[in-house]
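K.L.:
My structure is in final-v1.cif, and what it holds is mmCIF, C-alpha atoms:
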data_protein
#
loop_
_atom_site.label_atom_id
_atom_site.label_comp_id
_atom_site.auth_asym_id
_atom_site.auth_seq_id
_atom_site.Cartn_x
_atom_site.Cartn_y
_atom_site.Cartn_z
CA MET A 484 188.40 219.53 -155.89
CA ASP A 485 184.67 218.77 -155.65
CA GLU A 486 182.63 219.73 -152.63
CA ILE A 487 182.37 216.20 -151.21
CA GLU A 488 186.13 215.79 -151.27
CA PHE A 489 186.61 219.25 -149.79
CA ARG A 490 184.15 218.57 -147.00
CA ARG A 491 185.64 215.15 -146.33
CA ARG A 492 189.14 216.52 -145.86
CA VAL A 493 188.06 219.54 -143.83
CA TYR A 494 185.94 217.46 -141.46
CA ALA A 495 188.79 215.00 -140.90
CA ASN A 496 190.96 217.75 -139.44
CA PRO A 497 189.23 221.14 -139.28
CA GLN A 498 191.71 222.79 -136.94
CA SER A 499 194.74 222.19 -139.17
CA PRO A 500 193.50 222.22 -142.76
CA GLU A 501 196.07 221.72 -145.49
CA GLN A 502 197.11 224.75 -147.56
CA GLU A 503 195.30 223.30 -150.57
CA LEU A 504 192.03 223.44 -148.63
CA LEU A 505 192.67 226.99 -147.45
CA ASP A 506 193.36 228.05 -151.03
CA ALA A 507 190.17 226.37 -152.26
CA ALA A 508 188.18 228.10 -149.50
CA SER A 509 189.56 231.53 -150.36
CA ASP A 510 188.50 231.01 -154.00
CA ASN A 511 184.98 229.80 -153.21
CA PRO A 512 182.61 231.38 -150.64
CA ASP A 513 180.65 228.13 -150.31
CA TYR A 514 183.81 226.26 -149.41
CA GLN A 515 184.76 229.02 -146.97
CA LYS A 516 181.38 228.59 -145.29
CA ILE A 517 181.93 224.84 -144.96
CA LEU A 518 185.35 225.46 -143.43
CA ASP A 519 184.03 228.07 -140.99
CA GLN A 520 181.16 225.83 -139.90
CA ALA A 521 183.48 222.87 -139.43
CA GLN A 522 185.86 224.90 -137.30
CA GLU A 523 183.00 226.31 -135.27
CA LEU A 524 181.64 222.84 -134.63
CA ASP A 525 185.08 221.57 -133.74
CA THR A 526 185.57 224.31 -131.17
CA ASP A 527 182.27 223.27 -129.58
CA VAL A 528 183.30 219.59 -129.70
CA SER A 529 186.64 220.40 -128.12
CA ASN A 530 184.95 222.42 -125.38
CA ALA A 531 182.47 219.61 -124.68
CA VAL A 532 185.10 216.88 -124.67
CA THR A 533 187.54 218.72 -122.43
CA ALA A 534 184.86 220.01 -120.06
CA ILE A 535 185.10 216.80 -118.07
CA SER A 536 186.13 217.79 -114.57
CA VAL A 537 189.26 216.09 -113.30
CA PRO A 538 189.36 214.98 -109.63
CA ALA A 539 191.23 217.57 -107.62
CA ASP A 540 193.44 215.05 -105.82
CA LEU A 541 194.29 212.93 -108.86
CA GLN A 542 197.63 214.58 -109.60
CA ASP A 543 198.77 214.07 -106.00
CA LYS A 544 197.78 210.41 -106.14
CA LEU A 545 199.71 209.92 -109.36
CA LEU A 546 202.79 211.64 -107.98
CA LYS A 547 202.81 209.19 -105.06
CA ILE A 548 202.95 206.16 -107.36
CA PRO A 549 206.78 205.96 -107.59
CA ALA A 550 207.10 205.98 -103.80
CA SER A 551 204.43 203.33 -103.27
CA ALA A 552 205.69 201.21 -106.16
CA GLY A 553 209.20 201.34 -104.72
CA ILE A 554 208.31 199.98 -101.28
CA SER A 555 208.57 196.24 -101.16
CA GLY A 556 206.19 194.10 -99.16
CA GLU A 557 208.99 193.16 -96.81
CA GLU A 558 209.80 196.80 -96.00
CA LEU A 559 206.14 197.50 -95.40
CA ILE A 560 205.87 194.63 -92.92
CA GLN A 561 209.01 195.80 -91.12
CA ARG A 562 207.75 199.37 -90.81
CA GLU A 563 204.38 198.32 -89.48
CA SER A 564 205.83 195.74 -87.15
CA ALA A 565 208.32 198.15 -85.62
CA ASN A 566 205.43 200.27 -84.37
CA SER A 567 203.86 197.42 -82.44
CA SER A 568 204.71 196.46 -78.88
CA TYR A 569 203.45 192.98 -79.68
CA PHE A 570 205.91 192.67 -82.52
CA HIS A 571 207.45 189.38 -81.31
CA TYR A 572 204.11 187.67 -80.79
CA TYR A 573 202.92 188.77 -84.19
CA ALA A 574 206.21 187.69 -85.73
CA ALA A 575 205.94 184.22 -84.23
CA ALA A 576 202.34 183.88 -85.39
CA ALA A 577 203.24 185.22 -88.83
CA THR A 578 206.10 182.72 -89.12
CA PHE A 579 203.75 179.88 -88.25
CA LEU A 580 201.14 181.05 -90.74
CA LEU A 581 203.80 181.60 -93.38
CA ALA A 582 205.05 178.04 -92.92
CA ILE A 583 201.52 176.70 -93.32
CA GLY A 584 200.99 178.93 -96.35
CA VAL A 585 204.20 177.86 -98.04
CA THR A 586 203.45 174.21 -97.42
CA PHE A 587 199.92 174.64 -98.72
CA SER A 588 201.09 176.46 -101.83
CA ILE A 589 203.75 173.85 -102.59
CA VAL A 590 201.29 171.02 -102.22
CA PHE A 591 198.24 172.54 -103.83
CA ASN A 592 199.34 175.39 -106.01
CA SER A 593 201.63 175.01 -109.00
CA GLY A 594 200.60 178.25 -110.74
CA PRO A 595 202.78 181.30 -111.44
CA SER A 596 203.57 183.72 -108.64
CA VAL A 597 202.64 187.40 -108.62
CA GLN A 598 206.21 188.24 -109.69
CA ASP A 599 205.94 185.73 -112.53
CA ILE A 600 202.72 187.29 -113.76
CA ALA A 601 204.29 190.76 -113.62
CA LEU A 602 206.82 189.62 -116.23
CA GLY A 603 204.03 188.86 -118.71
CA ASP A 604 202.47 192.26 -117.99
CA ASN A 605 205.82 193.97 -118.60
CA VAL A 606 206.19 192.18 -121.92
CA LEU A 607 202.72 193.29 -123.02
CA ASP A 608 203.59 196.84 -122.04
CA HIS A 609 206.73 196.61 -124.12
CA LEU A 610 204.81 195.37 -127.15
CA TYR A 611 202.70 198.51 -127.15
CA ILE A 612 205.93 200.52 -127.26
CA ASP A 613 206.91 198.68 -130.45
CA PHE A 614 203.37 199.11 -131.70
CA GLU A 615 204.13 200.52 -135.14
CA GLU A 616 206.25 197.53 -136.13
CA ILE A 617 203.80 195.04 -134.63
CA ASN A 618 200.92 196.69 -136.47
CA ALA A 619 202.81 196.58 -139.76
CA PHE A 620 203.07 192.80 -139.40
CA SER A 621 199.38 192.48 -138.55
CA ARG A 622 198.58 194.38 -141.76
CA GLY A 623 200.52 191.73 -143.67
CA GLU A 624 203.48 194.03 -144.29
CA GLY A 625 205.98 191.94 -142.36
CA ASN A 626 207.75 190.85 -145.50
CA ASN A 627 208.60 194.49 -146.17
CA PHE A 628 211.14 194.18 -143.37
CA GLU A 629 214.39 192.76 -144.71
CA ILE A 630 215.55 189.54 -143.11
CA VAL A 631 218.12 190.41 -140.46
CA ASN A 632 221.42 188.70 -141.20
CA ALA A 633 222.68 185.99 -138.89
CA ALA A 634 225.60 188.03 -137.56
CA ASN A 635 223.32 190.85 -136.40
CA VAL A 636 220.86 188.49 -134.77
CA SER A 637 223.73 186.71 -133.03
CA GLN A 638 225.08 190.02 -131.73
CA ILE A 639 221.70 191.04 -130.30
CA LEU A 640 221.31 187.64 -128.67
CA ALA A 641 224.88 187.69 -127.35
CA ASN A 642 224.24 191.04 -125.65
CA ALA A 643 221.37 189.37 -123.84
CA GLY A 644 223.59 186.43 -122.92
CA THR A 645 222.20 183.86 -125.33
CA GLN A 646 222.89 182.27 -128.69
CA PHE A 647 221.28 179.95 -131.20
CA LEU A 648 222.68 176.46 -131.26
CA SER A 649 222.94 176.43 -135.04
CA ASN A 650 222.71 178.82 -137.97
CA ASP A 651 220.55 176.29 -139.80
CA PHE A 652 217.84 177.12 -137.32
CA MET A 653 217.92 180.78 -138.35
CA ARG A 654 217.52 179.90 -142.00
CA SER A 655 214.31 178.03 -141.20
CA MET A 656 213.01 180.86 -139.05
CA PRO A 657 213.79 184.21 -140.72
CA VAL A 658 214.02 187.08 -138.25
CA ARG A 659 212.56 190.33 -139.62
CA VAL A 660 213.40 192.60 -136.67
CA ALA A 661 216.09 192.10 -134.04
CA LYS A 662 216.85 194.65 -131.38
CA PRO A 663 217.97 194.96 -127.79
CA CYS A 664 215.31 195.98 -125.31
CA GLU A 665 214.83 196.47 -121.61
CA ILE A 666 211.66 194.79 -120.41
CA ILE A 667 212.89 194.98 -116.84
CA PRO A 668 215.34 197.76 -115.99
CA ALA A 669 218.95 196.57 -115.68
CA PHE A 670 218.22 193.27 -117.43
CA GLN A 671 219.39 193.39 -121.03
CA SER A 672 217.10 191.38 -123.25
CA ALA A 673 216.63 190.66 -126.93
CA HIS A 674 213.49 191.13 -129.00
CA LEU A 675 213.17 189.23 -132.27
CA ILE A 676 210.12 189.59 -134.52
CA LEU A 677 209.07 187.01 -137.09
CA GLN A 678 206.14 186.89 -139.49
CA GLY A 679 203.52 184.58 -138.02
CA SER A 680 200.25 183.41 -139.53
CA ARG A 681 198.23 186.15 -137.80
CA GLY A 682 200.80 188.92 -137.62
CA ALA A 683 204.02 189.45 -135.70
CA VAL A 684 205.42 186.73 -133.48
CA SER A 685 207.74 188.28 -130.90
CA VAL A 686 210.46 186.28 -129.20
CA PHE A 687 212.04 187.78 -126.10
CA VAL A 688 214.96 186.31 -124.19
CA ILE A 689 215.84 187.87 -120.86
CA ASN A 690 218.51 186.91 -118.39
CA ASN A 691 216.45 187.47 -115.22
CA SER A 692 215.29 184.99 -112.59
CA PRO A 693 213.44 182.14 -114.28
CA VAL A 694 209.72 182.09 -113.51
CA SER A 695 208.58 179.30 -111.20
CA VAL A 696 206.46 177.63 -113.87
CA GLU A 697 205.71 178.06 -117.56
CA TYR A 698 202.50 179.99 -117.98
CA ARG A 699 200.36 181.63 -120.64
CA PHE A 700 199.00 185.15 -120.61
CA ARG A 701 196.81 187.27 -122.84
CA ASP A 702 195.07 190.58 -123.18
CA ASP A 703 192.37 191.70 -125.59
CA ARG A 704 194.79 191.51 -128.51
CA PHE A 705 197.80 189.30 -127.79
CA ASN A 706 198.49 185.86 -126.37
CA GLY A 707 201.83 184.83 -124.98
CA VAL A 708 203.76 182.23 -123.06
CA VAL A 709 206.60 182.65 -120.56
CA ILE A 710 209.02 179.74 -120.54
CA PRO A 711 211.67 179.41 -117.81
CA MET A 712 214.98 178.43 -119.38
CA GLY A 713 217.91 177.77 -117.08
CA LYS A 714 219.40 181.19 -116.37
CA GLY A 715 216.48 183.26 -117.61
CA ASN A 716 213.23 183.26 -119.51
CA MET A 717 212.02 183.08 -123.07
CA ILE A 718 208.74 184.80 -123.85
CA LEU A 719 206.73 184.33 -127.04
CA VAL A 720 203.89 186.65 -127.97
CA GLY A 721 201.60 186.65 -130.99
CA GLU A 722 198.23 187.98 -131.97
CA GLU A 723 195.26 186.57 -130.05
CA THR A 724 194.69 183.56 -132.33
CA GLU A 725 198.32 182.86 -133.21
CA ASN A 726 199.39 179.29 -132.35
CA LEU A 727 202.68 179.72 -130.51
CA ASP A 728 203.39 176.05 -129.88
CA PRO A 729 205.51 175.47 -133.02
CA TYR A 730 207.65 178.50 -132.16
CA LYS A 731 207.91 177.38 -128.58
CA ASP A 732 209.20 173.95 -129.52
CA LEU A 733 211.70 175.29 -132.04
CA PHE A 734 213.12 178.14 -129.96
CA ALA A 735 213.22 176.25 -126.68
CA ASP A 736 215.33 173.57 -128.34
CA ASN A 737 217.66 175.99 -130.12
CA VAL A 738 218.48 178.77 -127.67
CA GLU A 739 221.12 178.43 -125.00
CA TRP A 740 222.64 180.76 -122.44
CA VAL A 741 226.28 181.68 -122.83
CA ILE A 742 226.78 183.68 -119.64
CA MET B 1024 201.27 219.29 -122.93
CA SER B 1025 204.72 220.78 -123.06
CA ASP B 1026 206.88 220.17 -126.08
CA SER B 1027 209.23 217.85 -124.25
CA PRO B 1028 207.84 216.35 -121.08
CA VAL B 1029 210.41 213.58 -121.27
CA ILE B 1030 213.92 214.94 -121.37
CA ASP B 1031 216.90 212.63 -121.71
CA GLY B 1032 219.35 213.00 -118.86
CA LYS B 1033 216.83 213.97 -116.22
CA ASN B 1034 216.35 211.37 -113.58
CA LYS B 1035 213.45 209.00 -113.66
CA GLN B 1036 211.49 210.76 -110.95
CA GLN B 1037 211.69 214.11 -112.72
CA ARG B 1038 210.71 212.56 -116.01
CA TYR B 1039 207.74 210.91 -114.38
CA GLU B 1040 206.60 214.11 -112.67
CA SER B 1041 206.86 216.00 -115.97
CA LEU B 1042 204.73 213.38 -117.65
CA VAL B 1043 202.09 213.53 -114.94
CA ALA B 1044 201.95 217.33 -114.99
CA ALA B 1045 201.72 217.49 -118.77
CA LEU B 1046 199.27 214.71 -119.46
CA TYR B 1047 197.27 213.51 -116.48
CA GLN B 1048 194.24 215.67 -117.23
CA ASP B 1049 194.10 214.63 -120.88
CA VAL B 1050 194.58 210.97 -120.02
CA TYR B 1051 191.85 211.18 -117.38
CA ARG B 1052 189.43 212.79 -119.82
CA TYR B 1053 190.17 210.17 -122.44
CA ALA B 1054 189.72 207.41 -119.87
CA TYR B 1055 186.45 208.95 -118.75
CA TRP B 1056 185.08 208.95 -122.29
CA LEU B 1057 186.14 205.32 -122.66
CA CYS B 1058 184.43 203.99 -119.54
CA LYS B 1059 181.93 206.80 -118.79
CA SER B 1060 182.51 206.51 -115.08
CA GLN B 1061 184.52 208.86 -112.90
CA ALA B 1062 185.60 206.11 -110.50
CA LEU B 1063 186.64 203.69 -113.24
CA ALA B 1064 188.39 206.46 -115.13
CA GLU B 1065 190.43 207.29 -112.04
CA ASP B 1066 191.38 203.64 -111.65
CA LEU B 1067 192.38 203.46 -115.29
CA VAL B 1068 194.55 206.54 -115.00
CA GLN B 1069 196.31 205.27 -111.89
CA GLU B 1070 196.97 201.92 -113.56
CA THR B 1071 198.19 203.76 -116.65
CA PHE B 1072 200.71 205.88 -114.78
CA LEU B 1073 201.85 202.94 -112.65
CA ARG B 1074 202.67 201.05 -115.83
CA ALA B 1075 204.28 204.12 -117.32
CA TRP B 1076 206.47 204.43 -114.23
CA ARG B 1077 207.54 200.81 -114.51
CA SER B 1078 208.44 201.09 -118.16
CA LEU B 1079 209.67 204.68 -118.10
CA ASP B 1080 213.20 203.71 -119.11
CA SER B 1081 211.80 202.30 -122.34
CA LEU B 1082 209.94 205.49 -123.22
CA GLN B 1083 212.73 207.22 -125.04
CA ASN B 1084 210.97 210.38 -126.14
CA ASP B 1085 207.88 212.42 -125.45
CA LYS B 1086 206.06 211.17 -128.51
CA ALA B 1087 206.40 207.53 -127.49
CA ALA B 1088 205.44 208.36 -123.91
CA LYS B 1089 202.32 210.22 -124.93
CA ALA B 1090 201.14 207.52 -127.32
CA ARG B 1091 201.78 204.96 -124.60
CA LEU B 1092 199.74 206.88 -122.04
CA PHE B 1093 196.75 206.86 -124.36
CA THR B 1094 197.21 203.24 -125.40
CA ILE B 1095 197.23 201.79 -121.88
CA PRO B 1096 193.79 203.04 -120.72
CA ARG B 1097 192.20 201.87 -123.95
CA ARG B 1098 193.67 198.41 -123.56
CA GLU B 1099 192.97 198.21 -119.84
CA ASN B 1100 189.40 199.39 -120.31
CA ALA B 1101 188.84 196.66 -122.88
CA ARG B 1102 190.49 194.06 -120.67
CA LEU B 1103 188.92 194.97 -117.35
CA TYR B 1104 185.60 196.61 -118.00
CA GLU B 1105 184.18 196.00 -121.45
CA ARG B 1106 183.43 192.34 -120.80
CA TYR B 1107 182.17 192.95 -117.29
CA ARG B 1108 180.48 196.27 -116.96
CA PRO B 1109 179.03 196.97 -113.56
CA GLU B 1110 175.80 198.89 -113.43
CA LEU B 1111 176.87 202.49 -113.60
CA VAL B 1112 175.09 205.50 -112.26
CA ASP B 1113 174.08 207.78 -115.10
CA ILE B 1114 176.32 210.74 -114.56
CA GLU B 1115 175.44 212.66 -117.67
CA GLY B 1116 175.17 216.26 -116.64
CA GLN B 1117 177.23 215.74 -113.50
CA SER B 1118 180.64 215.44 -115.08
CA ILE B 1119 180.93 218.73 -116.89
CA ALA B 1120 183.25 221.10 -115.13
CA ALA B 1121 181.87 224.24 -113.65
CA SER B 1122 183.13 227.37 -115.35
CA GLY B 1123 182.25 230.96 -115.97
CA GLU B 1124 180.60 229.83 -119.19
CA ASN B 1125 177.96 227.87 -117.35
CA GLU B 1126 175.05 230.05 -118.28
CA PRO B 1127 171.97 227.79 -118.65
CA ASP B 1128 171.71 228.04 -122.47
CA PHE B 1129 175.42 227.54 -123.02
CA ARG B 1130 175.48 224.62 -120.65
CA MET B 1131 172.49 222.98 -122.33
CA ASP B 1132 174.22 223.18 -125.72
CA ARG B 1133 177.37 221.69 -124.30
CA GLN B 1134 175.36 218.97 -122.59
CA LEU B 1135 173.55 218.16 -125.87
CA LEU B 1136 176.86 217.92 -127.66
CA HIS B 1137 178.30 215.84 -124.84
CA ASN B 1138 175.39 213.42 -125.17
CA ALA B 1139 175.69 213.37 -128.97
CA ILE B 1140 179.40 212.45 -128.72
CA ASN B 1141 178.45 209.74 -126.24
CA ARG B 1142 176.00 208.28 -128.73
CA LEU B 1143 178.58 208.04 -131.51
CA ASP B 1144 179.65 204.53 -132.35
CA SER B 1145 182.99 203.84 -130.66
CA ASP B 1146 184.58 203.35 -134.10
CA TYR B 1147 183.96 207.04 -134.72
CA ARG B 1148 184.22 208.36 -131.20
CA GLU B 1149 187.67 206.96 -130.39
CA PRO B 1150 189.63 208.60 -133.22
CA LEU B 1151 187.76 211.85 -132.57
CA LEU B 1152 188.73 211.78 -128.89
CA LEU B 1153 192.34 210.96 -129.67
CA GLN B 1154 192.49 213.88 -132.08
CA VAL B 1155 190.64 216.39 -129.91
CA ILE B 1156 191.97 215.43 -126.47
CA GLY B 1157 195.36 213.99 -127.38
CA GLY B 1158 196.11 216.19 -130.36
CA PHE B 1159 197.37 213.17 -132.28
CA SER B 1160 197.83 213.20 -136.04
CA GLY B 1161 195.94 210.80 -138.29
CA LYS B 1162 199.02 208.63 -138.59
CA GLU B 1163 199.52 208.50 -134.83
CA ILE B 1164 195.87 207.62 -134.28
CA ALA B 1165 196.22 204.90 -136.90
CA GLY B 1166 199.12 203.47 -134.88
CA ILE B 1167 197.23 203.55 -131.59
CA LEU B 1168 194.04 202.03 -133.02
CA ASP B 1169 195.76 199.65 -135.43
CA LEU B 1170 194.02 201.09 -138.47
CA ASN B 1171 195.34 202.53 -141.69
CA ASN B 1172 195.50 206.29 -142.07
CA ASN B 1173 192.71 206.53 -144.66
CA THR B 1174 190.30 204.67 -142.41
CA VAL B 1175 191.11 207.01 -139.55
CA MET B 1176 190.52 210.11 -141.68
CA THR B 1177 187.23 208.69 -142.95
CA ARG B 1178 186.07 207.92 -139.44
CA LEU B 1179 186.98 211.42 -138.28
CA PHE B 1180 184.96 212.83 -141.15
CA ARG B 1181 182.00 210.63 -140.34
CA ALA B 1182 182.14 211.43 -136.63
CA ARG B 1183 181.89 215.15 -137.29
CA SER B 1184 179.29 214.64 -140.01
CA LYS B 1185 177.06 212.76 -137.60
CA LEU B 1186 177.43 215.44 -134.96
CA LYS B 1187 176.64 218.10 -137.52
CA GLN B 1188 173.53 216.22 -138.62
CA GLU B 1189 172.35 215.95 -135.03
CA PHE B 1190 172.49 219.70 -134.75
CA GLY B 1191 170.42 220.20 -137.87
CA LEU B 1192 173.07 220.94 -140.44
CA ASP B 1193 173.19 218.25 -143.09
CA SER B 1194 176.45 216.89 -144.34
CA ASP B 1195 177.33 214.51 -147.12
CA ASP B 1196 178.20 211.07 -145.89
CA ILE B 1197 180.76 208.73 -147.28
CA ASP B 1198 181.37 205.03 -147.03
CA GLU B 1199 184.68 203.66 -145.81
#
Write out the structure in this file as structure tokens.
P.N.:
Amino acid sequence: MDEIEFRRRVYANPQSPEQELLDAASDNPDYQKILDQAQELDTDVSNAVTAISVPADLQDKLLKIPASAGISGEELIQRESANSSYFHYYAAAATFLLAIGVTFSIVFNSGPSVQDIALGDNVLDHLYIDFEEINAFSRGEGNNFEIVNAANVSQILANAGTQFLSNDFMRSMPVRVAKPCEIIPAFQSAHLILQGSRGAVSVFVINNSPVSVEYRFRDDRFNGVVIPMGKGNMILVGEETENLDPYKDLFADNVEWVI
Amino acid sequence: MSDSPVIDGKNKQQRYESLVAALYQDVYRYAYWLCKSQALAEDLVQETFLRAWRSLDSLQNDKAAKARLFTIPRRENARLYERYRPELVDIEGQSIAASGENEPDFRMDRQLLHNAINRLDSDYREPLLLQVIGGFSGKEIAGILDLNNNTVMTRLFRARSKLKQEFGLDSDDIDE
């Protein structure tokens, strides 16, 4: 092993060098010096990087997240209202304002609700759980995944309460990965992955409350669309520049609920 | 971090508390290096753990949970702050924890190294931080950053080479 190669491998991971590198270092004082210097530097780097002080109250704040995330808006209003002697006046005023708000939103606002948007966020979160598979597709290795046979895809879909209208559809749209998933706890859903033009195209079907309106979402890497479909939702997600419209048309016309 | 912060069979609350105890400091430090602001880093960490709580049932083992907790702040930082970066107070020198090692000379060296890491291109800094703070392997870093393993190892080499050069010890460089 020449010195450049030795240095390259040691510097990539000085704290856990491979046995081959340790052997080379024990045979060559110059190599041993390189290894010692790299480990010394890495100890300094580690000390500098981890010397960032962490806010003293951060752990407490994080431990309170489950409690605050579990309290619904309605419960919060009830708790606060119960402490007020003017509860009835506030309630009447709130009802009036709520009526105006609802009317206004129906007339002027046809966008997705906060709950709708949360579904897109949950899907993006889920994609980063399946990151290794998604990344394999983006590297052009999607065809390394064997096409899932129709019976297996049908079983995954059936568990989520859906089915394809015809097997011909599956032949035109080979599914490379099919698995059950749980985007929202207690709602069984299906996750199918196909090879798109930019990487993976994920198709989720979930038997939860349909969103109020079809909407698109994106982050710095993915773009997606949530489509309300009768008894649930279908969600398509691809890489940022993937055109999802062809998939949307095909799947929306070929998936039906069976529950 | 403990070997198994996420243990099957424990209830969700216990799993979450184990995750927080094991990883919140590392996740905060990683977030801080991403956004270079204590306030933004704290926001990122809270958002990260809120999302982790919501999707905890999907995190089937400690490895997946840990990778997830380092993926979220990176993605959120890119989404929320990289396109709109408010004017930040320069906090270099204010963020290093006090310790018994804070003799003036020692602290100056650490501060110089801190600044040198800050000046690294993010392509080199991010894998270095994931390895040093998160203890991730090259393959795991490749998964988080969507790179192949060889690229990650080369960037780790180059990151340390650049730091070494800054401190006056030359090192051979290599192209990706």
K.L.:
Determine the residue set returned by the PyMOL selection byres ((chain A) within 9 of (chain B)) for the present structure, and present it as number ranges by chain.
P.N.:
A: 487, 490-496, 521, 524-525, 527-538, 541-542, 544-546, 548-549, 552, 605, 608-609, 611-612, 614-615, 618-619, 621-622, 664-668, 702-704
K.L.:
Go through A:His674, A:Lys731, A:Lys547, A:Arg659 and flag the residue nearest Val708 of chain A, using only C-alpha atoms for the distances.
P.N.:
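Among A:His674, A:Lys731, A:Lys547, A:Arg659, it is A:Lys731 that comes nearest to Val708 of chain A.
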K.L.:
I'd like the interatomic distance between atom CA of Val738 of chain A and atom CA of Val696 of chain A, to a tenth of an Å.
P.N.:
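That distance, rounded to one decimal, is 18.3 Å.
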K.L.:
To verify the selection step, state as a PyMOL selection string which residues the PyMOL selection byres ((chain A and resi 679) around 10) yields on this input.
P.N.:
chain A and resi 620-621+623+625+676-678+680-685+721-722+725-727+730
K.L.:
To one decimal in Å, tell me the separation between atom CA of Asn737 of chain A and atom CA of Gln671 of chain A.
P.N.:
19.7 Å
K.L.:
Please compute the atom CA of Ser637 of chain A-atom CA of Glu739 of chain A distance, one decimal, in Å.
P.N.:
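Going from atom CA of Ser637 of chain A over to atom CA of Glu739 of chain A, I get 11.8 Å.
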K.L.:
Taking the file above as input, evaluate the PyMOL selection byres ((chain A and resi 513-516) around 12) and report the hits as a ChimeraX atom specification.
P.N.:
/A:484-493,497,500,503-512,517-523
K.L.:
Please rebuild segment 1142-1147 of chain B with all heavy atoms and give the result as a compact mmCIF listing (two decimals), in the coordinates of the input.
P.N.:
# COMPACT_ATOMS: atom_id res chain seq x y z
N ARG B 1142 176.80 209.20 -127.91
CA ARG B 1142 176.00 208.28 -128.73
C ARG B 1142 176.73 207.82 -129.99
O ARG B 1142 176.29 206.89 -130.66
CB ARG B 1142 174.68 208.94 -129.14
CG ARG B 1142 173.66 209.00 -128.02
CD ARG B 1142 172.27 209.35 -128.57
NE ARG B 1142 172.24 210.65 -129.21
CZ ARG B 1142 172.03 211.79 -128.56
NH1 ARG B 1142 171.83 211.79 -127.27
NH2 ARG B 1142 172.02 212.94 -129.21
N LEU B 1143 177.83 208.48 -130.33
CA LEU B 1143 178.58 208.04 -131.51
C LEU B 1143 179.06 206.61 -131.32
O LEU B 1143 179.45 206.21 -130.21
CB LEU B 1143 179.81 208.93 -131.71
CG LEU B 1143 179.62 210.34 -132.28
CD1 LEU B 1143 180.97 211.05 -132.28
CD2 LEU B 1143 179.05 210.28 -133.68
N ASP B 1144 179.05 205.86 -132.40
CA ASP B 1144 179.65 204.53 -132.35
C ASP B 1144 181.12 204.66 -131.95
O ASP B 1144 181.81 205.61 -132.36
CB ASP B 1144 179.54 203.90 -133.74
CG ASP B 1144 179.96 202.45 -133.75
OD1 ASP B 1144 181.18 202.20 -133.79
OD2 ASP B 1144 179.07 201.60 -133.71
N SER B 1145 181.61 203.71 -131.16
CA SER B 1145 182.99 203.84 -130.66
C SER B 1145 184.01 203.89 -131.80
O SER B 1145 185.08 204.49 -131.65
CB SER B 1145 183.32 202.69 -129.70
OG SER B 1145 183.28 201.46 -130.37
N ASP B 1146 183.66 203.28 -132.95
CA ASP B 1146 184.58 203.35 -134.10
C ASP B 1146 184.84 204.79 -134.52
O ASP B 1146 185.91 205.13 -135.04
CB ASP B 1146 184.02 202.58 -135.29
CG ASP B 1146 184.19 201.09 -135.12
OD1 ASP B 1146 184.92 200.69 -134.19
OD2 ASP B 1146 183.59 200.33 -135.91
N TYR B 1147 183.82 205.64 -134.34
CA TYR B 1147 183.96 207.04 -134.72
C TYR B 1147 184.41 207.90 -133.55
O TYR B 1147 185.14 208.87 -133.71
CB TYR B 1147 182.62 207.56 -135.27
CG TYR B 1147 182.11 206.77 -136.45
CD1 TYR B 1147 180.82 206.26 -136.47
CD2 TYR B 1147 182.94 206.50 -137.52
CE1 TYR B 1147 180.36 205.51 -137.54
CE2 TYR B 1147 182.49 205.74 -138.59
CZ TYR B 1147 181.21 205.25 -138.60
OH TYR B 1147 180.77 204.50 -139.65
